[in-house]
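Right, one structure below, let's go through it.
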Amino acid sequence: MRALAVAATIAVIALVAAAGQEQTWTPPRTPDGQPDLQGIWTNYTSTPFEVPDKSDTPAFYAGDLDGTGRGTGPGAFLTDSSDRQLTKRRSLVVDPPNGRVPIMEWAEERRNYKLAHIQDDWEHHTPWERCITRGVPGGLFPTGYGAGYQILQSPGYVAIVYEMIHEARIIPLDGRPHLGPSFRLWNGDSRGHWEGNTLVVDITGYNDKGTVATNVATQRVRAIPQSEALHVVERFTRVDENTINYDVVVDDPRVFTSPWKVAMPLNREPDYQLFEYACHEGNHAIPNTLSAGRARDQAARGVR
Amino acid sequence: MSWLKGAVIALVSAAVALAVSQVIRGPVQRQAPDITVLRTADGRPNLNGIWQAVGSAHWNLQDHQARTGPVLELGAILAVPAGLSVVEGNEIPYQPWAAARQKENYENWLSRDPEVKCYLPGLPRATYMPYPFQVLQTGNNDILMAYEYASASRVIKMGKVEPPPVDTWMGQSAGRWEGDTLVVDVTGLNDQTWFDRAGNFHSEAIHLVERFTPVSPDLLDYQVTIEDPKVFTRPWNIRMPLYRRQDEGVQLLEFKCVEFVEEMMYGHLRKKTGNEKPFSAARLRWP
């Protein structure tokens, strides 16, 4: 009985808080009347991407194949989020309710093969290590460093400038149709519209060379392939001065047994400075892993 | 509705007549009448849109005649088109050592040009590469220029900015309005980028002042003053028109060229499977 009363009280407080929030804060508008999302945003968080499971092998997902702690993703020292807030949930994956992405077995096997054979071919690396892209929506998943985003708006467009691999993603809002089927793009083809104060972006037209998430922070989902059937719907809602709620539903019937959803905040951080992430221009990771592989091949053949 | 149609036709005709008279009077007049300039809600010239240079400055800023391309088998396809200089006076005032370096760069174009490797283009080269770029002019102040080539971009910060903390490929852009001209001061560029495919280069001491002036709704006058005391004997200027892309539904598309250079850069390190498709032996000749 007492537990019920407590629960009821909490529910009432939550309702009041939610109602209060909605009534007291209206997002500012751009001169052309769009809800204003502009500014510098970051997504540092200590909340895990998925709810961890005993069967997980986090070191392997990080590319640490020999137990040295050196993987192909950024090390812990680069993912310092100690003074950043936790989201108020146990994982960023909120659907399915168990917080686990419903990955098909073949996709995990393919990912495992690639991660175990990065020394054979650059195509076994994620597009991030190749300095091509962190993908859509992968580019907005927390990564631990270089995670600044600047949103700019002009009549008919929203642009998101990603610090990581210097991408400017331009989303048209004029209701134009998606590109034709000849286009198979790393980041798909974004089309946006406003539903009230929420920017809804529909993305199709992906190639099957990318991966839906690239960085170690995405744990078991890292380097899982995307197919041409991938369909992504993102929702950006500015809920107060300093917060955009970012929701994304990922649907790829060839890779996942059901659609899954991530919900996470983007935090306004006006003093954060985006630095140029010139990646390919100094990419030693790819030639170094490959040349290490060829050296190993030679050693195995007894060539010195 | 027919009155509206008539009015629109009349307006368009007037605009065309004005534009034509501008062209006849001289390529670019800074004091173009206001009617030829699109404006934002706050009265600034409206540069929003997708723009592209049409000349062959990306091959060579200076006067250059047509010539054979670098791949014999490609015949006329990759031959170099002729072009008039976009450099005021045609001369790039190199210091003697730098003139020698430029010649060496030209002769070793394929192994030295950062564009061959899909590296970030730097400025001003990004502006006149043979790819479109999009301007997003926001309601408050920052202006985004996003280039199709290599997903390069820059955010032009309006007003006072701190000096750049480190040199980068795209530098730091600080903008201000002088009348109807967007003036962009570019500093903090590194010494890795070139001006064109002819080996014209600079050091990290380079400083640019770019001027974007709307001439008509679909035409920008682009002028740049280039200063680099380590490489040139004096500042010099380039100037060219930038045209609005009119194609229906035009948008920036992906040109993520890293993928196109991996075989060239890393192919010799890939594990052989025995199923490789052999490359034909193309014959290169340059210069």
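Residues in the structure tokens are numbered from 1 in each chain, the chains being A, B, ... in the order shown, and ligands are numbered from 1 in the order shown.
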
Do a neighbour search on B:Ala126 at 9 Å with only C-alpha atoms, toss out local chain neighbours closer than 5 positions, and write the hits as a PDB file with all heavy atoms, in the first residue's frame.
```pdb
ATOM      1  N   LEU B 120      42.115  17.662 -48.054  1.00  0.00           N
ATOM      2  CA  LEU B 120      41.303  18.885 -47.961  1.00  0.00           C
ATOM      3  C   LEU B 120      41.908  19.975 -48.842  1.00  0.00           C
ATOM      4  O   LEU B 120      43.132  20.114 -48.914  1.00  0.00           O
ATOM      5  CB  LEU B 120      41.225  19.360 -46.506  1.00  0.00           C
ATOM      6  CG  LEU B 120      40.288  18.539 -45.617  1.00  0.00           C
ATOM      7  CD1 LEU B 120      40.468  18.922 -44.139  1.00  0.00           C
ATOM      8  CD2 LEU B 120      38.829  18.756 -46.030  1.00  0.00           C
ATOM      9  N   PRO B 121      41.067  20.744 -49.526  1.00  0.00           N
ATOM     10  CA  PRO B 121      41.563  21.619 -50.589  1.00  0.00           C
ATOM     11  C   PRO B 121      42.195  22.926 -50.108  1.00  0.00           C
ATOM     12  O   PRO B 121      42.932  23.546 -50.848  1.00  0.00           O
ATOM     13  CB  PRO B 121      40.294  21.925 -51.386  1.00  0.00           C
ATOM     14  CG  PRO B 121      39.180  21.828 -50.376  1.00  0.00           C
ATOM     15  CD  PRO B 121      39.596  20.745 -49.427  1.00  0.00           C
ATOM     16  N   TYR B 131      33.510  21.621 -58.607  1.00  0.00           N
ATOM     17  CA  TYR B 131      32.410  21.046 -57.834  1.00  0.00           C
ATOM     18  C   TYR B 131      31.612  22.211 -57.248  1.00  0.00           C
ATOM     19  O   TYR B 131      32.174  23.269 -56.983  1.00  0.00           O
ATOM     20  CB  TYR B 131      32.936  20.199 -56.663  1.00  0.00           C
ATOM     21  CG  TYR B 131      33.901  19.115 -57.063  1.00  0.00           C
ATOM     22  CD1 TYR B 131      35.260  19.379 -57.192  1.00  0.00           C
ATOM     23  CD2 TYR B 131      33.453  17.819 -57.324  1.00  0.00           C
ATOM     24  CE1 TYR B 131      36.152  18.389 -57.567  1.00  0.00           C
ATOM     25  CE2 TYR B 131      34.336  16.824 -57.698  1.00  0.00           C
ATOM     26  CZ  TYR B 131      35.683  17.114 -57.823  1.00  0.00           C
ATOM     27  OH  TYR B 131      36.562  16.131 -58.203  1.00  0.00           O
ATOM     28  N   PHE B 133      29.478  24.424 -54.417  1.00  0.00           N
ATOM     29  CA  PHE B 133      29.475  24.607 -52.960  1.00  0.00           C
ATOM     30  C   PHE B 133      28.211  25.348 -52.556  1.00  0.00           C
ATOM     31  O   PHE B 133      27.616  26.066 -53.351  1.00  0.00           O
ATOM     32  CB  PHE B 133      30.749  25.321 -52.473  1.00  0.00           C
ATOM     33  CG  PHE B 133      30.877  26.764 -52.886  1.00  0.00           C
ATOM     34  CD1 PHE B 133      30.464  27.790 -52.035  1.00  0.00           C
ATOM     35  CD2 PHE B 133      31.423  27.108 -54.112  1.00  0.00           C
ATOM     36  CE1 PHE B 133      30.594  29.133 -52.404  1.00  0.00           C
ATOM     37  CE2 PHE B 133      31.558  28.444 -54.495  1.00  0.00           C
ATOM     38  CZ  PHE B 133      31.141  29.456 -53.647  1.00  0.00           C
ATOM     39  N   TYR B 147      31.446  22.488 -49.226  1.00  0.00           N
ATOM     40  CA  TYR B 147      31.959  22.165 -50.556  1.00  0.00           C
ATOM     41  C   TYR B 147      31.684  20.699 -50.847  1.00  0.00           C
ATOM     42  O   TYR B 147      31.881  19.845 -49.990  1.00  0.00           O
ATOM     43  CB  TYR B 147      33.468  22.449 -50.621  1.00  0.00           C
ATOM     44  CG  TYR B 147      33.804  23.854 -50.188  1.00  0.00           C
ATOM     45  CD1 TYR B 147      34.098  24.151 -48.860  1.00  0.00           C
ATOM     46  CD2 TYR B 147      33.756  24.908 -51.096  1.00  0.00           C
ATOM     47  CE1 TYR B 147      34.372  25.451 -48.454  1.00  0.00           C
ATOM     48  CE2 TYR B 147      34.029  26.210 -50.705  1.00  0.00           C
ATOM     49  CZ  TYR B 147      34.329  26.477 -49.376  1.00  0.00           C
ATOM     50  OH  TYR B 147      34.588  27.762 -48.979  1.00  0.00           O
ATOM     51  N   TYR B 149      33.386  18.767 -52.856  1.00  0.00           N
ATOM     52  CA  TYR B 149      34.653  18.054 -52.901  1.00  0.00           C
ATOM     53  C   TYR B 149      35.082  17.632 -51.483  1.00  0.00           C
ATOM     54  O   TYR B 149      35.235  18.477 -50.592  1.00  0.00           O
ATOM     55  CB  TYR B 149      35.745  18.922 -53.540  1.00  0.00           C
ATOM     56  CG  TYR B 149      37.134  18.345 -53.384  1.00  0.00           C
ATOM     57  CD1 TYR B 149      37.569  17.303 -54.186  1.00  0.00           C
ATOM     58  CD2 TYR B 149      37.990  18.827 -52.398  1.00  0.00           C
ATOM     59  CE1 TYR B 149      38.834  16.755 -54.023  1.00  0.00           C
ATOM     60  CE2 TYR B 149      39.261  18.289 -52.229  1.00  0.00           C
ATOM     61  CZ  TYR B 149      39.670  17.256 -53.046  1.00  0.00           C
ATOM     62  OH  TYR B 149      40.913  16.704 -52.885  1.00  0.00           O
ATOM     63  N   ALA B 152      34.432  18.902 -47.624  1.00  0.00           N
ATOM     64  CA  ALA B 152      35.086  20.016 -46.935  1.00  0.00           C
ATOM     65  C   ALA B 152      34.050  21.082 -46.599  1.00  0.00           C
ATOM     66  O   ALA B 152      33.013  21.172 -47.260  1.00  0.00           O
ATOM     67  CB  ALA B 152      36.173  20.613 -47.827  1.00  0.00           C
ATOM     68  N   SER B 153      34.321  21.859 -45.570  1.00  0.00           N
ATOM     69  CA  SER B 153      33.416  22.960 -45.244  1.00  0.00           C
ATOM     70  C   SER B 153      34.161  23.962 -44.378  1.00  0.00           C
ATOM     71  O   SER B 153      35.255  23.687 -43.887  1.00  0.00           O
ATOM     72  CB  SER B 153      32.178  22.458 -44.499  1.00  0.00           C
ATOM     73  OG  SER B 153      32.522  22.046 -43.191  1.00  0.00           O
ATOM     74  N   MET B 170      41.848  24.031 -43.670  1.00  0.00           N
ATOM     75  CA  MET B 170      40.839  24.985 -44.141  1.00  0.00           C
ATOM     76  C   MET B 170      40.969  26.349 -43.444  1.00  0.00           C
ATOM     77  O   MET B 170      40.242  27.276 -43.760  1.00  0.00           O
ATOM     78  CB  MET B 170      39.428  24.432 -43.947  1.00  0.00           C
ATOM     79  CG  MET B 170      39.131  23.176 -44.762  1.00  0.00           C
ATOM     80  SD  MET B 170      39.329  23.390 -46.567  1.00  0.00           S
ATOM     81  CE  MET B 170      37.910  24.417 -46.941  1.00  0.00           C
ATOM     82  N   PHE B 195      47.159  26.067 -54.869  1.00  0.00           N
ATOM     83  CA  PHE B 195      46.148  26.935 -55.477  1.00  0.00           C
ATOM     84  C   PHE B 195      45.441  26.256 -56.651  1.00  0.00           C
ATOM     85  O   PHE B 195      44.333  26.637 -57.013  1.00  0.00           O
ATOM     86  CB  PHE B 195      46.794  28.226 -56.011  1.00  0.00           C
ATOM     87  CG  PHE B 195      47.244  29.170 -54.928  1.00  0.00           C
ATOM     88  CD1 PHE B 195      48.576  29.269 -54.580  1.00  0.00           C
ATOM     89  CD2 PHE B 195      46.323  29.971 -54.273  1.00  0.00           C
ATOM     90  CE1 PHE B 195      49.000  30.148 -53.593  1.00  0.00           C
ATOM     91  CE2 PHE B 195      46.740  30.850 -53.282  1.00  0.00           C
ATOM     92  CZ  PHE B 195      48.080  30.944 -52.945  1.00  0.00           C
TER      93      PHE B 195
END
```

Quick one: residues within 12 Å of A:His284, only C-alpha atoms counted, chain neighbours fewer than 3 positions away excluded, as a compact mmCIF listing (two decimals) with N, CA and C atoms, in the first residue's frame?
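The file below, selection-v4.txt, is the result:
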```txt
# COMPACT_ATOMS: atom_id res chain seq x y z
N THR A 72 41.57 -0.71 -32.15
CA THR A 72 41.52 0.22 -33.28
C THR A 72 40.61 1.39 -32.99
N TRP A 122 41.94 -2.69 -46.14
CA TRP A 122 41.36 -1.48 -45.52
C TRP A 122 39.84 -1.55 -45.44
N GLU A 129 37.67 4.67 -39.35
CA GLU A 129 39.13 4.51 -39.39
C GLU A 129 39.66 4.82 -40.79
N ARG A 130 38.84 4.61 -41.80
CA ARG A 130 39.25 4.94 -43.17
C ARG A 130 39.09 6.43 -43.44
N CYS A 131 38.56 7.16 -42.47
CA CYS A 131 38.39 8.61 -42.59
C CYS A 131 37.38 8.97 -43.68
N CYS A 279 41.45 14.06 -41.12
CA CYS A 279 41.60 12.66 -40.72
C CYS A 279 42.42 11.90 -41.75
N HIS A 280 41.92 11.85 -42.97
CA HIS A 280 42.58 11.13 -44.06
C HIS A 280 43.98 11.70 -44.31
N GLU A 281 44.11 13.02 -44.12
CA GLU A 281 45.37 13.70 -44.43
C GLU A 281 46.53 13.19 -43.58
N PRO A 287 47.74 2.36 -43.38
CA PRO A 287 48.98 1.75 -43.88
C PRO A 287 49.75 0.99 -42.80
N ASN A 288 49.68 1.46 -41.56
CA ASN A 288 50.44 0.77 -40.50
C ASN A 288 49.85 -0.60 -40.17
N THR A 289 48.51 -0.70 -40.08
CA THR A 289 47.93 -2.02 -39.80
C THR A 289 48.21 -2.97 -40.96
N LEU A 290 48.07 -2.46 -42.19
CA LEU A 290 48.28 -3.34 -43.35
C LEU A 290 49.74 -3.79 -43.44
N SER A 291 50.67 -2.86 -43.22
CA SER A 291 52.08 -3.25 -43.36
C SER A 291 52.47 -4.20 -42.23
N ALA A 292 51.85 -4.03 -41.05
CA ALA A 292 52.09 -4.99 -39.96
C ALA A 292 51.61 -6.37 -40.38
N MET B 265 46.83 4.51 -52.72
CA MET B 265 47.70 4.79 -51.58
C MET B 265 48.12 3.53 -50.81
N TYR B 266 47.21 2.56 -50.71
CA TYR B 266 47.47 1.40 -49.84
C TYR B 266 47.49 0.07 -50.59
```

Point to revise | Interface residues on chain B facing chain A, 6 Å, only C-alpha atoms, written as number ranges by chain | key: B: 119, 136-139, 151, 269-271

**Study point:** Residues flagged strand (DSSP E or B) by DSSP in stretch 118-273 of chain A, as a PyMOL selection string
**Key:** chain A and resi 148-154+157-162+167-172+185+189-195+198-204+206+211+225+231-240+243-251+256+260-268

Write out the residues from the selection above, keeping C-alpha atoms, as a tab-separated table (two decimals), in the first residue's frame.
```
chain	number	residue	atom	x	y	z
A	148	GLY	CA	31.14	18.86	-31.29
A	149	TYR	CA	28.27	19.73	-33.59
A	150	GLN	CA	27.22	23.10	-34.93
A	151	ILE	CA	23.68	23.44	-36.20
A	152	LEU	CA	22.92	26.26	-38.63
A	153	GLN	CA	19.60	27.11	-40.26
A	154	SER	CA	18.66	29.14	-43.29
A	157	TYR	CA	17.57	24.17	-44.75
A	158	VAL	CA	19.04	22.80	-41.56
A	159	ALA	CA	22.75	22.03	-41.59
A	160	ILE	CA	24.66	19.98	-39.05
A	161	VAL	CA	28.41	20.53	-39.09
A	162	TYR	CA	30.08	17.46	-37.56
A	167	GLU	CA	31.17	16.82	-42.50
A	168	ALA	CA	28.51	19.42	-43.22
A	169	ARG	CA	25.25	17.54	-43.52
A	170	ILE	CA	22.67	19.70	-45.28
A	171	ILE	CA	19.03	18.74	-44.79
A	172	PRO	CA	16.51	20.30	-47.22
A	185	LEU	CA	25.43	6.98	-50.45
A	189	ASP	CA	19.89	11.06	-48.51
A	190	SER	CA	18.34	13.27	-45.81
A	191	ARG	CA	14.93	14.92	-46.19
A	192	GLY	CA	13.52	16.96	-43.32
A	193	HIS	CA	10.29	18.56	-42.20
A	194	TRP	CA	8.94	20.16	-39.05
A	195	GLU	CA	6.25	18.48	-36.96
A	198	THR	CA	10.34	18.65	-33.83
A	199	LEU	CA	12.64	18.37	-36.84
A	200	VAL	CA	11.93	15.00	-38.44
A	201	VAL	CA	14.55	13.71	-40.89
A	202	ASP	CA	13.93	10.73	-43.15
A	203	ILE	CA	17.03	9.05	-44.60
A	204	THR	CA	17.19	6.42	-47.35
A	206	TYR	CA	22.31	4.14	-48.29
A	211	THR	CA	28.44	0.59	-40.86
A	225	PRO	CA	27.19	-3.54	-41.56
A	231	HIS	CA	15.91	3.39	-43.40
A	232	VAL	CA	16.54	5.89	-40.62
A	233	VAL	CA	14.17	8.43	-39.05
A	234	GLU	CA	15.66	11.03	-36.73
A	235	ARG	CA	13.77	13.44	-34.48
A	236	PHE	CA	15.37	16.59	-33.04
A	237	THR	CA	13.32	18.40	-30.38
A	238	ARG	CA	14.70	21.33	-28.44
A	239	VAL	CA	13.11	20.92	-25.03
A	240	ASP	CA	14.87	23.74	-23.20
A	243	THR	CA	18.94	20.51	-24.54
A	244	ILE	CA	17.91	18.91	-27.81
A	245	ASN	CA	16.31	15.51	-27.39
A	246	TYR	CA	17.62	13.35	-30.22
A	247	ASP	CA	15.67	10.19	-31.06
A	248	VAL	CA	16.51	7.90	-33.93
A	249	VAL	CA	14.81	4.78	-35.23
A	250	VAL	CA	17.04	2.45	-37.25
A	251	ASP	CA	15.29	-0.03	-39.51
A	256	PHE	CA	18.20	-6.35	-37.65
A	260	TRP	CA	15.47	-0.23	-32.76
A	261	LYS	CA	15.60	3.17	-31.20
A	262	VAL	CA	18.20	5.35	-29.54
A	263	ALA	CA	17.26	8.34	-27.38
A	264	MET	CA	19.87	10.74	-26.10
A	265	PRO	CA	20.33	14.44	-25.38
A	266	LEU	CA	22.49	16.91	-27.26
A	267	ASN	CA	23.78	19.45	-24.75
A	268	ARG	CA	24.33	23.09	-25.66
```

Practice item. Could you tell me which of A:Leu230, A:Leu274, A:Val255, A:Val221 comes closest to A:Pro58 if we count only C-alpha atoms? Key: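 That would be A:Val221, the residue with the smallest distance to A:Pro58.
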
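Non-sequential neighbours of stretch 145-147 of chain A (distance at most 6 Å, separation of 6 or more positions within a chain, only C-alpha atoms) are Thr42, Glu163 and Met164 of chain A.
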
Point to revise | Selected residue of minimal separation from A:Tyr61 among A:Leu37, A:Val216, A:Leu173, A:Met104, counting only C-alpha atoms | key: A:Val216

What's the 10 Å shell around stretch 78-87 of chain B, counting only C-alpha atoms, without same-chain residues fewer than 5 positions away, as an mmCIF file with C-alpha atoms, in the first residue's frame?
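Writing done, so here's result_14.cif:
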```cif
data_model
loop_
_atom_site.group_PDB
_atom_site.id
_atom_site.type_symbol
_atom_site.label_atom_id
_atom_site.label_comp_id
_atom_site.auth_asym_id
_atom_site.auth_seq_id
_atom_site.Cartn_x
_atom_site.Cartn_y
_atom_site.Cartn_z
ATOM 1 C CA GLY B 55 36.347 28.591 -65.720
ATOM 2 C CA SER B 56 39.475 26.445 -65.691
ATOM 3 C CA ALA B 57 41.248 28.238 -62.840
ATOM 4 C CA HIS B 58 41.331 24.904 -61.025
ATOM 5 C CA TRP B 59 43.805 23.748 -63.686
ATOM 6 C CA ASN B 60 45.922 26.848 -63.601
ATOM 7 C CA LEU B 61 45.310 30.331 -62.180
ATOM 8 C CA GLN B 62 47.382 31.898 -64.959
ATOM 9 C CA ASP B 63 46.957 32.042 -68.731
ATOM 10 C CA HIS B 64 47.284 28.500 -70.004
ATOM 11 C CA GLN B 65 46.796 26.906 -73.383
ATOM 12 C CA ALA B 66 45.219 23.511 -73.871
ATOM 13 C CA ARG B 67 47.509 20.521 -73.595
ATOM 14 C CA THR B 68 47.543 16.730 -73.443
ATOM 15 C CA GLY B 69 46.460 15.147 -70.216
ATOM 16 C CA PRO B 70 48.546 12.864 -67.997
ATOM 17 C CA VAL B 71 47.066 9.513 -69.122
ATOM 18 C CA LEU B 72 47.794 8.567 -72.722
ATOM 19 C CA GLU B 73 44.869 6.117 -72.960
ATOM 20 C CA ILE B 92 52.267 35.545 -59.583
ATOM 21 C CA GLN B 223 38.047 38.555 -55.439
ATOM 22 C CA VAL B 224 40.908 37.435 -53.243
ATOM 23 C CA TRP B 236 48.528 39.713 -55.471
ATOM 24 C CA ASN B 237 44.899 39.338 -56.500
ATOM 25 C CA ILE B 238 42.673 36.838 -58.217
ATOM 26 C CA ARG B 239 39.175 37.535 -59.461
ATOM 27 C CA MET B 240 36.473 35.424 -61.073
ATOM 28 C CA PRO B 241 32.705 35.142 -61.285
#
```

Exercise for review: Enumerate as a PyMOL selection string all residues of stretch 40-229 of chain B assigned to helix (DSSP H, G or I) by DSSP on the backbone, naming them with the chain letters and numbers the document uses.
Suggested key: chain B and resi 72-74+96-107+109-112+114-117+125-128

Produce a file of the selected residues containing N, CA and C atoms, as a short mmCIF file (atom, residue, chain, number, x, y, z; two decimals), in the first residue's frame.
```
data_model
loop_
_atom_site.label_atom_id
_atom_site.label_comp_id
_atom_site.auth_asym_id
_atom_site.auth_seq_id
_atom_site.Cartn_x
_atom_site.Cartn_y
_atom_site.Cartn_z
N LEU B 72 47.81 8.71 -71.27
CA LEU B 72 47.79 8.57 -72.72
C LEU B 72 46.49 7.93 -73.20
N GLU B 73 46.05 6.86 -72.52
CA GLU B 73 44.87 6.12 -72.96
C GLU B 73 43.59 6.93 -72.85
N LEU B 74 43.58 8.01 -72.07
CA LEU B 74 42.35 8.79 -71.92
C LEU B 74 42.17 9.83 -73.00
N PRO B 96 62.44 34.23 -56.04
CA PRO B 96 63.15 33.35 -56.99
C PRO B 96 63.13 31.87 -56.58
N TRP B 97 63.41 31.57 -55.32
CA TRP B 97 63.42 30.15 -54.90
C TRP B 97 62.04 29.53 -55.07
N ALA B 98 60.99 30.35 -54.84
CA ALA B 98 59.63 29.83 -54.90
C ALA B 98 59.21 29.59 -56.34
N ALA B 99 59.71 30.45 -57.27
CA ALA B 99 59.41 30.24 -58.69
C ALA B 99 59.99 28.90 -59.14
N ALA B 100 61.18 28.58 -58.63
CA ALA B 100 61.80 27.30 -58.97
C ALA B 100 60.98 26.14 -58.39
N ARG B 101 60.50 26.32 -57.16
CA ARG B 101 59.69 25.28 -56.51
C ARG B 101 58.38 25.04 -57.28
N GLN B 102 57.78 26.13 -57.73
CA GLN B 102 56.52 25.99 -58.47
C GLN B 102 56.75 25.16 -59.75
N LYS B 103 57.85 25.42 -60.42
CA LYS B 103 58.16 24.71 -61.66
C LYS B 103 58.35 23.21 -61.37
N GLU B 104 59.05 22.95 -60.28
CA GLU B 104 59.27 21.57 -59.85
C GLU B 104 57.94 20.89 -59.50
N ASN B 105 57.08 21.64 -58.81
CA ASN B 105 55.75 21.12 -58.47
C ASN B 105 54.99 20.73 -59.74
N TYR B 106 55.04 21.62 -60.74
CA TYR B 106 54.32 21.39 -61.99
C TYR B 106 54.82 20.11 -62.65
N GLU B 107 56.14 19.96 -62.68
CA GLU B 107 56.71 18.79 -63.33
C GLU B 107 56.41 17.49 -62.59
N TRP B 109 53.59 17.00 -60.81
CA TRP B 109 52.20 17.24 -60.41
C TRP B 109 51.52 16.03 -59.78
N LEU B 110 51.61 14.87 -60.45
CA LEU B 110 50.84 13.72 -59.98
C LEU B 110 51.30 13.21 -58.62
N SER B 111 52.58 13.37 -58.32
CA SER B 111 53.04 12.86 -57.03
C SER B 111 52.94 13.92 -55.94
N ARG B 112 52.73 15.18 -56.31
CA ARG B 112 52.75 16.23 -55.29
C ARG B 112 51.42 16.91 -55.02
N PRO B 114 48.08 17.75 -53.65
CA PRO B 114 47.25 17.15 -52.60
C PRO B 114 45.87 16.72 -53.09
N GLU B 115 45.39 17.28 -54.20
CA GLU B 115 44.08 16.87 -54.72
C GLU B 115 44.11 15.42 -55.19
N VAL B 116 45.27 14.97 -55.70
CA VAL B 116 45.38 13.59 -56.19
C VAL B 116 45.03 12.62 -55.06
N LYS B 117 45.38 12.99 -53.83
CA LYS B 117 45.15 12.10 -52.68
C LYS B 117 43.85 12.42 -51.95
N ARG B 125 41.39 27.59 -52.99
CA ARG B 125 41.20 26.55 -54.01
C ARG B 125 39.79 25.92 -53.93
N ALA B 126 39.27 25.73 -52.70
CA ALA B 126 37.97 25.07 -52.56
C ALA B 126 36.89 25.80 -53.38
N THR B 127 37.03 27.11 -53.48
CA THR B 127 35.98 27.92 -54.11
C THR B 127 35.83 27.63 -55.59
N TYR B 128 36.96 27.38 -56.28
CA TYR B 128 36.87 27.27 -57.75
C TYR B 128 37.25 25.89 -58.26
#
```

Point to revise | Proximity to A:Gln226 - best of A:Glu108, A:Asp56, A:Asp271, A:Glu241, only C-alpha atoms | key: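 Comparing A:Glu108, A:Asp56, A:Asp271, A:Glu241 against A:Gln226, the winner is A:Glu108.
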
Point to revise | Residue contacts of stretch 177-184 of chain B (10 Å, only C-alpha atoms) excluding same-chain residues fewer than 3 positions away, as JSON, numbers by chain | key: {"B": [30, 31, 32, 34, 37, 39, 43, 44, 45, 46, 47, 156, 157, 158, 159, 172, 173, 174, 187, 208, 209, 210, 211, 212, 213, 214, 215, 220, 221, 222, 223, 224]}

Point to revise | Polymer residues at most 10 Å from B:Ala205, only C-alpha atoms, same-chain spacing of 6 or more positions, as number ranges by chain | key: B: 167, 187-191, 227-231

Resulting file, chosen residues, N, CA and C atoms, as a compact mmCIF listing (two decimals), in the first residue's frame:
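Listed below is the output, part36.txt:
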```txt
# COMPACT_ATOMS: atom_id res chain seq x y z
N ASP B 167 47.39 25.88 -36.95
CA ASP B 167 47.19 25.93 -38.40
C ASP B 167 46.42 24.70 -38.86
N THR B 187 42.96 33.16 -41.98
CA THR B 187 44.29 32.97 -41.39
C THR B 187 44.38 31.53 -40.89
N GLY B 188 45.54 31.17 -40.36
CA GLY B 188 45.68 29.85 -39.76
C GLY B 188 45.67 28.71 -40.77
N LEU B 189 46.01 29.00 -42.03
CA LEU B 189 46.13 27.92 -43.02
C LEU B 189 47.50 27.26 -42.86
N ASN B 190 47.59 25.96 -43.12
CA ASN B 190 48.89 25.29 -43.09
C ASN B 190 49.55 25.41 -44.47
N ASP B 191 50.71 24.79 -44.61
CA ASP B 191 51.47 24.96 -45.87
C ASP B 191 51.28 23.75 -46.80
N GLU B 227 48.44 37.12 -49.64
CA GLU B 227 49.64 37.71 -49.06
C GLU B 227 50.41 36.58 -48.39
N ASP B 228 51.70 36.47 -48.67
CA ASP B 228 52.53 35.45 -48.04
C ASP B 228 53.98 35.87 -48.19
N PRO B 229 54.48 36.60 -47.18
CA PRO B 229 55.83 37.19 -47.31
C PRO B 229 56.94 36.15 -47.42
N LYS B 230 56.65 34.88 -47.10
CA LYS B 230 57.70 33.87 -47.22
C LYS B 230 57.85 33.37 -48.65
N VAL B 231 56.80 33.58 -49.48
CA VAL B 231 56.79 32.98 -50.82
C VAL B 231 56.71 34.03 -51.93
```
